[in-house]
Each structure stands twice: as structure tokens, then as C-alpha cells.
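Only one structure is covered here, and it is reproduced in the block below.
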Amino acid sequence: MSSREEVLKARFAVDYIKKPLLERFLRYVKVHTTSDENAPEDQKPSTARQLDLAKLLFKELQELGVPANNVSLDEHGCVLAKIPATPGYEKCPSIIFNSHMDTSCACSGENVKPQIHENYDGKPLNIGNGIIINQENSPSIKSAIGDTIITSDGSTLLGADDKCGVSEIMTLVDVLLNHQKNINHGPIEVMFNCDEEIGNGTLYFPKDKVDSKIGFTIDGDVEGSLEYENFNAYAYTANFTGRSCHPGSARGKFANAVVMASTFISMLHRSESPEATDGRYGFYCPTSIKGELESAKACLILRDFDMDGL
């Protein structure tokens, strides 16, 4: 097996991969595509701004050489492109590669200012706005020593989830159509969808238009990893109704909805929280408590690989 140094040296040695890949990623993260978990469930995409990136990708796919009649953008923001098989491989099974365009609404994704840190030396990265990335709070960064790291300026998300995947797939299309035409392959489909971050990524999956029975989602994890199964997930909202009165004469009458919601959260098993589980263990994850004396709600996400467990 090659040494780590040899891998680093060879990984992006090809300029027609390295430069366009970086340029694409920096271009895409600057497009504001945050989804909205409070939008109506049947509103797809949940935010119109996701269409800005969809339209950009639709145009770029045609510029890369995908035939115009093989690229589509539907009203739900799904971009689908089909790359014909090379001669003699038309009967091979079609494979689809997919990434999502939206970013999490847990943090701002507007006015992203990407920063490039070349030849990471293992020391803490002070990226700005009081944010420091180090090996204690981000252990996986240890594997990036010697690499180029890209971060935001600390005031927003970077959007690497999943604009990394979008950039990689677009670069794959570029390589196959413009740089390595001698690579034989069967039919290939690529798809970019909206609202994955809020659990609605497959709400309007264009199954009637997709030919592939085999697919790969290009998303985040450690380099070289392959995930072959996924958890089941639910969003859960518990609503509490209280009874308000003057706190000076509240005995026997006052019912505080904020306390109810807080008590409910405190009763969840701490051993089944995200910070106490890994691998295939399920968990409860409270994401917010909102409300006042007479009405409050606690929002959670529930995950488990086994539906009975969920």
C-alpha cells in the first residue's frame, strides 16, 4: 500500500480535476440554499432560493456537454441528467449519483465566505468570529494533516454538506465527457435534489424519470468510507397546555407549560442521546423548546436502524 505521503501527492495531481473541483465548490457554497423546516410539508422546495443553485447546475451540465434533451429541472427543484453509455456498454445497468443542494437551517448559510487553509500543520485553526477548530473538538481533522482544508469565516455554515457532493458529481461529469472519454461505462444518471436537511429530500423523487436501480448518494463522512445502510428517522413534537394565573396566588391552580416541556425532556434516557451512542444505536435528540406559560412545545428527532426500536 502506498504511504500517506504518496497518496497525498498523487490524489489531486491531475490539474483538470484539482482546479475545477475547487472552483466549483467555492462557487456553490456562495449560493444561499438553506431549507426551511417550518415551511408547509407540501411546499417543495421549502425555499425558493434553492432553485438558484438548481438553475445554475442545470446550465452547467449542458455547458459540460450533456445533451440538452438529457437534462431536466422540475418544479420541485430536482435536477436530473443522463449521460449515455459509451459504445458497446449500452446494455449495462444504469447507475445514479445523487447529492442534495440545500444546507441546514440550524445555522446561517447566507453570505458564506470560504477560507482556504493549505498544507494543514495540525495546529488549531482560528477561522474567525470566535471559532477555533482543533483536534479536541474535531478529532477527524487529524487525518487532514498535509491537506488543504476549507472552512467558513465562522459566521455561517460552510455548506460542505452537501455541496462537496455536488462538486464531486459535477467534476465526474466533466471528466467523463471532456477529459477521459476513453473510460468505458454504462448509462449514468446524476441527480441533485432539495430539502434533504429537513427530511423531505425524497418527497417528490422523480421515479418515473429515473432509469437506475442502483444508486449512490455522495455525502459526507471520512475519506474512503462507504455506507451501505441508513437509519429510520422521525421528527416528533410534544405539545403542552398549561393554565396561567397570577404567581402570587398560584398555589393549586397554576400549571406551567414551560415546566412541563422541560420535565418531559429531562425524562428522556441520557444513555440514548446522540452524545452517548454511536454505530447502530438509536437515540432521542431534543432540538428545541418553545413556548410560554399556557402553551409550549418540545421538538425532537428520533433515529434507529430498527423500525421496532424506533
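The chains in the C-alpha cells are called A, B, ... from first to last as shown; in each chain the residues are counted from 1, and the ligands are counted from 1 in the order shown.
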Secondary structure check, helix (DSSP H, G or I) residues of stretch 142-257 of chain A, as a PyMOL selection string
chain A and resi 142-144+160-179+196-198+247-249+257
Could you find all residues in stretch 149-271 of chain A that DSSP calls strand (DSSP E) from the backbone, and write them as a list in words?
Ile149, Ile150, Thr151, Ile188, Glu189, Val190, Met191, Phe192, Asn193, Ile214, Gly215, Phe216, Thr217, Asn232, Ala233, Tyr234, Ala235, Tyr236, Thr237, Ala238, Asn239, Phe240 and Thr241 of chain A
I'd like the neighbourhood of stretch 281-294 of chain A as a PyMOL selection string, where a residue qualifies if any of its atoms comes within 8 Å (using only C-alpha atoms), though same-chain residues fewer than 6 positions away should be ignored.
chain A and resi 241-244+255-258+261-262+265+268+272-274+300-305+309-310
Pick out the closest residue to A:Met170 from this set: A:Glu60, A:Asp153, A:Glu275, A:Asp208. Count only C-alpha atoms.
A:Glu60
